[in-house]
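**Student:** Following this message is one structure expressed as structure tokens.
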Amino acid sequence: MAAEAAGRDDATVRPAECNEMEERLRDGEMKTDLEASLPSGQEDYAIRCRDVCRSYGKLKVLNNLNLSVPQGQIYGLLGPSGCGKTTLLKCIVGTLKIPRGHITVLGKPPAFPGHEVPGKMVGYMPQDLALYSEFTISDTLVFFGRIHGLTSKETQARMDFLIDFLDLPQKNSLVRHLSGGQKRRVSLGAALLQNPELLILDEPTVGVDPVLRAKIWQHLVEIVKTGKVSVIITTHYIEEARQANVVGLMRNGHLLAESPPDALMKQHSATTLEQAFLQLCEISDQSGSKRESVPPGGTLDESQSFESGKDESQPILGVGPVPGEEIPKCSADWKVRARHLLPKLRNIAALTIKTMVRMKRMPGSLCFQFLLPVIQISLICLCVGGDPRGIQVAVVNNETSTNAYSRSLLSFLDNSSVQQVPLSHKDAFEGIYNGEYWGVIGFSSNFTKYLRKRMVERQVSREVVDGGSAHVWLDLTNRQIALMLQKKLHDAFQAFVDHKLGSMSYLVSLPIKFEEPIYGSMNTDFTTFVTPGAVLSITFYLAVGLTALSFVLERKEGLLDRCWVAGVSSLETMLAHLFSQLLVISVQIILLLLFILLVFNMPNEGSLVLIIILIVLQGVTGISFGLVISAAIDDEQSANQAALGIFYPNLIISGIIWPVECIPYPLRYISLALPQTYASEALRCIMYRGWGLSQFMVWRGFAVTLGWNTFFLILATVILKLRT
Ligand SMILES: Nc1ncnc2c1ncn2[C@@H]1O[C@H](COP(=O)(O)OP(=O)(O)OP(=O)(O)O)[C@@H](O)[C@H]1O
């Protein structure tokens, strides 16, 4: 009660506190603050909201709201669920922008260049837990300590105090193993860590037992006693707010009253704050219905309407807007603005270490990230583009002699690919019609005699040519198998001719001669074509998926907002993600290259450095596209759908699994504009032709990749800006 009384006695700002604050300003403790002028009249208030409006789409949540949190006091923000308390706090810390109205926090608008709100000056405990579940309590506090620039000694000292004060379990306990109440206390600990000048606590006492709840309030009362710390706190336990110096009762997006709790109860002759609140709601409802009965064109103002029901001598909105109140104007010179925009190495390091610690705590996920690309590329090399094996073909051979040419010719057929099944004419055709065989090879009884005649005599009859030919009937429903059978038969015939005629075989050769290939080899299979594009595509999509998912989840859990309020900019978050993801991509690339070059023996005639750079750049394109998805989409299901939705169309029309030259024209223009089409071509040129950056087809692949990177990063930034 003593603390309560002390708190309430502080309802007005004491001159001593103002002097102290001014002293601090003079002493340079808030040096960055001074870089922009402090507007007059704002020093007495930690937070000042004037005519603040905020909507979600068509839902108007904050409606010309006015609120003032005196410096060095506890402000209890009360109101029914859904009245807009959290939205207001988010506007105060700057995670939500306001389209109308003004907010001043510790002298300047939130996120003003050079202002440490968001930053070290504010401790924010959001309504969501907003904690990394793979972290220990110690990791959590060390992470926020790093962001606030605390030394490890300072963090350790605060950690020991907070663990004791908040009655937390051992500091190396994992957050995900804590109870709901313990997690909320860790979250409160993270907000209190750096001894901020302003504490913004969104329902810190939910799920906390009464003893600890009283202890937390006692601590808040203690810290505001110095006059240097101000607190705004929301709670559902209305009565506990009696310990606040000022309470604001909020309903339907605006304040019904703002006054010391005792004054409010006295004014409404209420014994509890809850009663006073109920009465206020009733008055508000009555004036609301009166307003409804105002004839069209009536001029009853909303704020006036509520005031009309009360005693004018005791203003309920004690610190409401003063007519003609000056709107603070802040300015900062270009140096401060530039420093504000520049990413801080400290924050990037803290975020990168955070990702590393999380990865270490999730070894399964890390192995998945490293092994998945290897498994994918191995499956592609093993299953796509190779020659069909064990294809059953019926052979109807009407020659019986062991020296027959037909037998010799068949002996040259590649047995691993073609499995010969000797059959009668009837069974062979029944079999192919029933889908048992992919082809029938038939030899007439005079095959040897007629073929010899064809080879020796200059002019032979049509009957001799026909009888001296192997007749082949194919099932052409599977083009790859049919093409393979045709090729194997040609190869077998060539081998047979070479065997029979030796040096004279040129006499029966085709009048078309394929010389040694300029690039590639005679035995190049389709796998060789597919692999470079597949490597780029795998790197790209893993990066898209991991980036989009991690950002969407972090935002959904309130972690991005929490880090932002702690002073981390969007650019720093993106850069830290890029660095940590690059580490993962590097390991993925090393494993991918080891497998394709050493295990699957893909040819490489070009520079390994160029190959690595191109794959890394494609990974960065994936990361930036993942950022676009996470900027535009709020939930992981939609993010997954977006990533999956573009996977197949992109794979198919980027010329990765089938040549671009087969794509019909209007679609080919789209194909050529995609991030992987020219990049895959460039990678094939480097690997198989040994080309370098001086070749157009190579540098075009790099240029297109860099172009997409830039485009995606700009797009993600624009979407983020538009959405906050
Ligand atoms: N991101 C959002 N998109 C759309 N509507 C939202 C969003 N966040 C909140 N709202 C809506 O805005 C209104 C105010 O929400 P808010 O969370 O600010 O209320 P609150 O007073 O903090 O409630 P509670 O005490 O239950 O936490 C609610 O009707 C809510 O449904």
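Note on naming: chains are A, B, ... as they come in the structure tokens, residues start from 1 per chain, ligands start from 1 in the order shown.
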Could the residues that lie within 12 Å of ligand 1, counting only C-alpha atoms and all ligand atoms, be listed as a PyMOL selection string?
**Tutor:** chain A and resi 54-63+77-91+95-96+126-128+201-204+206+233-238+249-255+555-556+558+633-635+723-724
**Student:** Skip region 330-344 of chain A itself and residues of its chain fewer than 3 positions away, then list as JSON, numbers by chain all residues within 6 Å of it, counting only C-alpha atoms.
**Tutor:** {"A": [36, 113, 114, 347, 572]}
**Student:** Generate the output file for the selected residues, C-alpha atoms, as an mmCIF file, in the first residue's frame.
**Tutor:**
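Result file is selection-v5.cif:
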```cif
data_model
loop_
_atom_site.group_PDB
_atom_site.id
_atom_site.type_symbol
_atom_site.label_atom_id
_atom_site.label_comp_id
_atom_site.auth_asym_id
_atom_site.auth_seq_id
_atom_site.Cartn_x
_atom_site.Cartn_y
_atom_site.Cartn_z
ATOM 1 C CA ALA A 36 17.660 16.567 -33.048
ATOM 2 C CA PRO A 113 16.679 9.195 -37.109
ATOM 3 C CA GLY A 114 19.122 9.110 -34.211
ATOM 4 C CA ASN A 347 23.341 -6.115 -34.773
ATOM 5 C CA GLU A 572 20.314 -5.674 -40.763
#
```
**Student:** Please identify all polymer residues within 8 Å of Gly248 (chain A), counting only C-alpha atoms, omitting same-chain residues fewer than 4 positions from it, and present them as a tab-separated table (two decimals) with N, CA and C atoms, in the first residue's frame.
**Tutor:**
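Output saved as out13.tsv:
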```tsv
chain	number	residue	atom	x	y	z
A	67	LEU	N	-3.55	10.20	-25.76
A	67	LEU	CA	-3.03	9.54	-24.55
A	67	LEU	C	-1.72	10.21	-24.14
A	75	TYR	N	1.77	3.83	-16.20
A	75	TYR	CA	0.49	4.10	-16.86
A	75	TYR	C	-0.17	2.75	-17.15
A	76	GLY	N	-1.33	2.51	-16.55
A	76	GLY	CA	-2.06	1.26	-16.81
A	76	GLY	C	-3.08	1.47	-17.91
A	77	LEU	N	-2.89	0.75	-19.00
A	77	LEU	CA	-3.83	0.89	-20.13
A	77	LEU	C	-4.84	-0.27	-20.04
A	78	LEU	N	-6.09	0.09	-19.77
A	78	LEU	CA	-7.10	-0.94	-19.55
A	78	LEU	C	-8.17	-0.86	-20.63
A	255	LEU	N	-9.84	6.66	-25.83
A	255	LEU	CA	-9.83	6.63	-24.36
A	255	LEU	C	-11.12	7.21	-23.81
A	256	LEU	N	-11.71	6.46	-22.86
A	256	LEU	CA	-12.89	6.99	-22.17
A	256	LEU	C	-12.44	7.91	-21.04
A	257	ALA	N	-11.32	7.53	-20.43
A	257	ALA	CA	-10.84	8.34	-19.31
A	257	ALA	C	-9.35	8.13	-19.14
A	258	GLU	N	-8.70	9.14	-18.56
A	258	GLU	CA	-7.27	9.04	-18.28
A	258	GLU	C	-7.03	9.83	-17.00
A	259	SER	N	-6.73	9.12	-15.94
A	259	SER	CA	-6.71	9.80	-14.65
A	259	SER	C	-6.06	8.90	-13.61
```
**Student:** Measuring atom to atom with only C-alpha atoms, identify which of A:Ile512, A:Val552, A:Ser179, A:Trp438 is nearest to Asn478 (chain A).
**Tutor:**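 Of the candidates, the smallest distance to Asn478 (chain A) is held by A:Trp438.
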**Student:** Suppose you want the space between CA of Thr355 (chain A) and CA of Ala130 (chain A); what is it in Å?
**Tutor:** 15.3 Å
**Student:** Please, what distance in Å, to one decimal, runs between CA of Ala190 (chain A) and CA of Gly123 (chain A)?
**Tutor:**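 About the pair CA of Ala190 (chain A) and CA of Gly123 (chain A): they are 7.8 Å apart.
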**Student:** What is the CA of Thr271 (chain A)-CA of Ile200 (chain A) distance in Å, reported with one decimal?
**Tutor:**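 Going from CA of Thr271 (chain A) over to CA of Ile200 (chain A) covers 28.1 Å.
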**Student:** Taking only C-alpha atoms into account, name the residue in A:Glu430, A:Gly520, A:Gln71, A:Ala470 that is nearest to Lys225 (chain A).
**Tutor:** A:Gln71
**Student:** Go through region 458-569 of chain A residue by residue and, counting only C-alpha atoms, keep those with an atom at most 8 Å from region 132-151 of chain A; for each kept residue give the shortest atom pair and its distance in Å to one decimal, ordered by chain and increasing number, as JSON lines.
**Tutor:**
```
{"residue": "A:Leu559", "atom": "CA", "partner": "A:Tyr132", "partner_atom": "CA", "distance": 7.7}
{"residue": "A:Ala566", "atom": "CA", "partner": "A:Ile147", "partner_atom": "CA", "distance": 7.0}
{"residue": "A:Gly567", "atom": "CA", "partner": "A:Ile147", "partner_atom": "CA", "distance": 7.3}
{"residue": "A:Val568", "atom": "CA", "partner": "A:Ile147", "partner_atom": "CA", "distance": 7.5}
```
**Student:** Please produce a file of those selected residues containing C-alpha atoms, as a CSV table (one decimal), in the first residue's frame.
**Tutor:**
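Saved result, again04.csv, follows:
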```
chain,number,residue,atom,x,y,z
A,559,LEU,CA,10.2,-12.2,-33.2
A,566,ALA,CA,15.2,-3.6,-29.8
A,567,GLY,CA,16.8,-1.6,-32.5
A,568,VAL,CA,17.4,-4.0,-35.4
```
**Student:** Mind the document's chain letters and residue numbers, and return as a PyMOL selection string the residues of region 141-239 of chain A that DSSP labels alpha helix (DSSP H).
**Tutor:** chain A and resi 141-147+152-165+180-192+210-225
**Student:** So that I can check the surroundings of His268 (chain A), please list as an NGL selection string every protein, DNA and RNA residue that reaches within 10 Å of it, counting only C-alpha atoms and ignoring chain neighbours fewer than 3 positions away.
**Tutor:** :A and (262-265 or 271-273 or 275-280 or 310-311)
**Student:** Deliver the residues from the most recent selection as a file, using C-alpha atoms, as a compact mmCIF listing (two decimals), in the first residue's frame.
**Tutor:**
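Output file out-v1.txt follows:
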```txt
# COMPACT_ATOMS: atom_id res chain seq x y z
CA ASP A 262 -8.23 6.89 -6.96
CA ALA A 263 -9.54 10.05 -8.59
CA LEU A 264 -11.42 7.97 -11.12
CA MET A 265 -13.05 5.79 -8.45
CA THR A 271 -15.17 1.06 -4.61
CA THR A 272 -13.24 -0.73 -7.36
CA LEU A 273 -11.62 0.33 -10.57
CA GLN A 275 -16.93 -0.57 -11.14
CA ALA A 276 -15.68 2.79 -12.30
CA PHE A 277 -14.86 1.30 -15.67
CA LEU A 278 -18.33 -0.23 -15.98
CA GLN A 279 -19.95 3.09 -15.20
CA LEU A 280 -17.80 4.81 -17.79
CA LYS A 310 -19.68 14.06 -16.48
CA ASP A 311 -19.00 16.62 -13.88
```
**Student:** List the neighbours of region 659-676 of chain A out to 7 Å using only C-alpha atoms; skip same-chain residues closer than 6 positions along the sequence, and give me the result as a list of chain:residue names.
**Tutor:**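 Residues meeting the cut-off are A:Ile653, A:Val704, A:Thr705, A:Trp708.
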**Student:** So which residues touch region 601-604 of chain A within 7 Å, counting only C-alpha atoms, skipping near sequence neighbours fewer than 6 positions away, as a ChimeraX atom specification?
**Tutor:** /A:528,687-688
**Student:** Neighbouring residues of Pro169 (chain A) were defined as those with any atom within 9 Å, considering only C-alpha atoms; residues of the same chain fewer than 3 positions away were excluded. Please report them as a PDB file with C-alpha atoms, in the first residue's frame.
**Tutor:**
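Output (out.pdb):
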```
ATOM      1  CA  ILE A 137      17.224 -18.484 -21.025  1.00  0.00           C
ATOM      2  CA  ILE A 163      16.710 -14.972 -12.942  1.00  0.00           C
ATOM      3  CA  ASP A 164      16.509 -14.416  -9.207  1.00  0.00           C
ATOM      4  CA  ASN A 172      20.658 -23.119 -19.383  1.00  0.00           C
ATOM      5  CA  SER A 173      17.063 -24.383 -19.493  1.00  0.00           C
ATOM      6  CA  LEU A 178       9.525 -23.964 -19.872  1.00  0.00           C
ATOM      7  CA  GLN A 182       7.931 -19.175 -17.100  1.00  0.00           C
TER       8      GLN A 182
END
```
**Student:** Here is a test: counting only C-alpha atoms, which residue of A:Asp525, A:Glu197, A:Asp466, A:Asp209 is nearest to Ser230 (chain A)?
**Tutor:**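 Comparing A:Asp525, A:Glu197, A:Asp466, A:Asp209 against Ser230 (chain A), the winner is A:Glu197.
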**Student:** I'd like to know which residues of region 345-485 of chain A are strand (DSSP E) (by DSSP, run on the backbone); could you write them as a ChimeraX atom specification?
**Tutor:** /A:391-397,418-422,439-443,471-474
**Student:** Take the residues just selected and output them with N, CA and C atoms as a PDB file, in the first residue's frame.
**Tutor:**
```pdb
ATOM      1  N   ILE A 391      15.271 -53.736 -71.561  1.00  0.00           N
ATOM      2  CA  ILE A 391      14.076 -53.614 -72.411  1.00  0.00           C
ATOM      3  C   ILE A 391      13.876 -54.925 -73.176  1.00  0.00           C
ATOM      4  N   GLN A 392      12.723 -55.528 -72.994  1.00  0.00           N
ATOM      5  CA  GLN A 392      12.473 -56.828 -73.624  1.00  0.00           C
ATOM      6  C   GLN A 392      12.011 -56.650 -75.073  1.00  0.00           C
ATOM      7  N   VAL A 393      12.696 -57.365 -75.958  1.00  0.00           N
ATOM      8  CA  VAL A 393      12.372 -57.305 -77.386  1.00  0.00           C
ATOM      9  C   VAL A 393      12.216 -58.742 -77.893  1.00  0.00           C
ATOM     10  N   ALA A 394      11.120 -58.995 -78.621  1.00  0.00           N
ATOM     11  CA  ALA A 394      10.904 -60.343 -79.174  1.00  0.00           C
ATOM     12  C   ALA A 394      11.719 -60.497 -80.452  1.00  0.00           C
ATOM     13  N   VAL A 395      12.393 -61.647 -80.629  1.00  0.00           N
ATOM     14  CA  VAL A 395      13.198 -61.893 -81.833  1.00  0.00           C
ATOM     15  C   VAL A 395      12.586 -63.084 -82.582  1.00  0.00           C
ATOM     16  N   VAL A 396      12.179 -62.821 -83.842  1.00  0.00           N
ATOM     17  CA  VAL A 396      11.636 -63.911 -84.677  1.00  0.00           C
ATOM     18  C   VAL A 396      12.697 -64.199 -85.727  1.00  0.00           C
ATOM     19  N   ASN A 397      13.491 -65.214 -85.481  1.00  0.00           N
ATOM     20  CA  ASN A 397      14.595 -65.520 -86.386  1.00  0.00           C
ATOM     21  C   ASN A 397      14.275 -66.807 -87.150  1.00  0.00           C
ATOM     22  N   VAL A 418      19.082 -54.177 -74.125  1.00  0.00           N
ATOM     23  CA  VAL A 418      18.070 -54.921 -74.885  1.00  0.00           C
ATOM     24  C   VAL A 418      18.110 -56.389 -74.480  1.00  0.00           C
ATOM     25  N   GLN A 419      16.984 -56.857 -74.001  1.00  0.00           N
ATOM     26  CA  GLN A 419      16.881 -58.265 -73.600  1.00  0.00           C
ATOM     27  C   GLN A 419      16.149 -59.002 -74.716  1.00  0.00           C
ATOM     28  N   GLN A 420      16.842 -59.911 -75.412  1.00  0.00           N
ATOM     29  CA  GLN A 420      16.229 -60.592 -76.561  1.00  0.00           C
ATOM     30  C   GLN A 420      15.432 -61.812 -76.095  1.00  0.00           C
ATOM     31  N   VAL A 421      14.202 -61.925 -76.619  1.00  0.00           N
ATOM     32  CA  VAL A 421      13.364 -63.087 -76.278  1.00  0.00           C
ATOM     33  C   VAL A 421      13.020 -63.806 -77.584  1.00  0.00           C
ATOM     34  N   PRO A 422      13.678 -64.950 -77.886  1.00  0.00           N
ATOM     35  CA  PRO A 422      13.377 -65.657 -79.136  1.00  0.00           C
ATOM     36  C   PRO A 422      11.957 -66.240 -79.095  1.00  0.00           C
ATOM     37  N   GLY A 439       9.373 -54.236 -78.822  1.00  0.00           N
ATOM     38  CA  GLY A 439       9.610 -54.329 -80.256  1.00  0.00           C
ATOM     39  C   GLY A 439       9.726 -55.770 -80.690  1.00  0.00           C
ATOM     40  N   VAL A 440       9.623 -55.971 -82.016  1.00  0.00           N
ATOM     41  CA  VAL A 440       9.841 -57.304 -82.585  1.00  0.00           C
ATOM     42  C   VAL A 440      10.893 -57.141 -83.672  1.00  0.00           C
ATOM     43  N   ILE A 441      11.947 -57.997 -83.622  1.00  0.00           N
ATOM     44  CA  ILE A 441      12.965 -57.964 -84.679  1.00  0.00           C
ATOM     45  C   ILE A 441      12.811 -59.268 -85.465  1.00  0.00           C
ATOM     46  N   GLY A 442      12.587 -59.129 -86.776  1.00  0.00           N
ATOM     47  CA  GLY A 442      12.356 -60.329 -87.581  1.00  0.00           C
ATOM     48  C   GLY A 442      13.420 -60.510 -88.659  1.00  0.00           C
ATOM     49  N   PHE A 443      13.864 -61.760 -88.858  1.00  0.00           N
ATOM     50  CA  PHE A 443      14.815 -62.085 -89.937  1.00  0.00           C
ATOM     51  C   PHE A 443      14.169 -63.174 -90.800  1.00  0.00           C
ATOM     52  N   HIS A 471      13.822 -56.733 -90.051  1.00  0.00           N
ATOM     53  CA  HIS A 471      12.564 -55.970 -89.962  1.00  0.00           C
ATOM     54  C   HIS A 471      12.232 -55.728 -88.495  1.00  0.00           C
ATOM     55  N   VAL A 472      11.934 -54.444 -88.179  1.00  0.00           N
ATOM     56  CA  VAL A 472      11.705 -54.075 -86.768  1.00  0.00           C
ATOM     57  C   VAL A 472      10.332 -53.421 -86.626  1.00  0.00           C
ATOM     58  N   TRP A 473       9.520 -53.960 -85.706  1.00  0.00           N
ATOM     59  CA  TRP A 473       8.226 -53.335 -85.364  1.00  0.00           C
ATOM     60  C   TRP A 473       8.352 -52.812 -83.931  1.00  0.00           C
ATOM     61  N   LEU A 474       8.082 -51.522 -83.769  1.00  0.00           N
ATOM     62  CA  LEU A 474       8.297 -50.928 -82.428  1.00  0.00           C
ATOM     63  C   LEU A 474       6.987 -50.471 -81.787  1.00  0.00           C
TER      64      LEU A 474
END
```
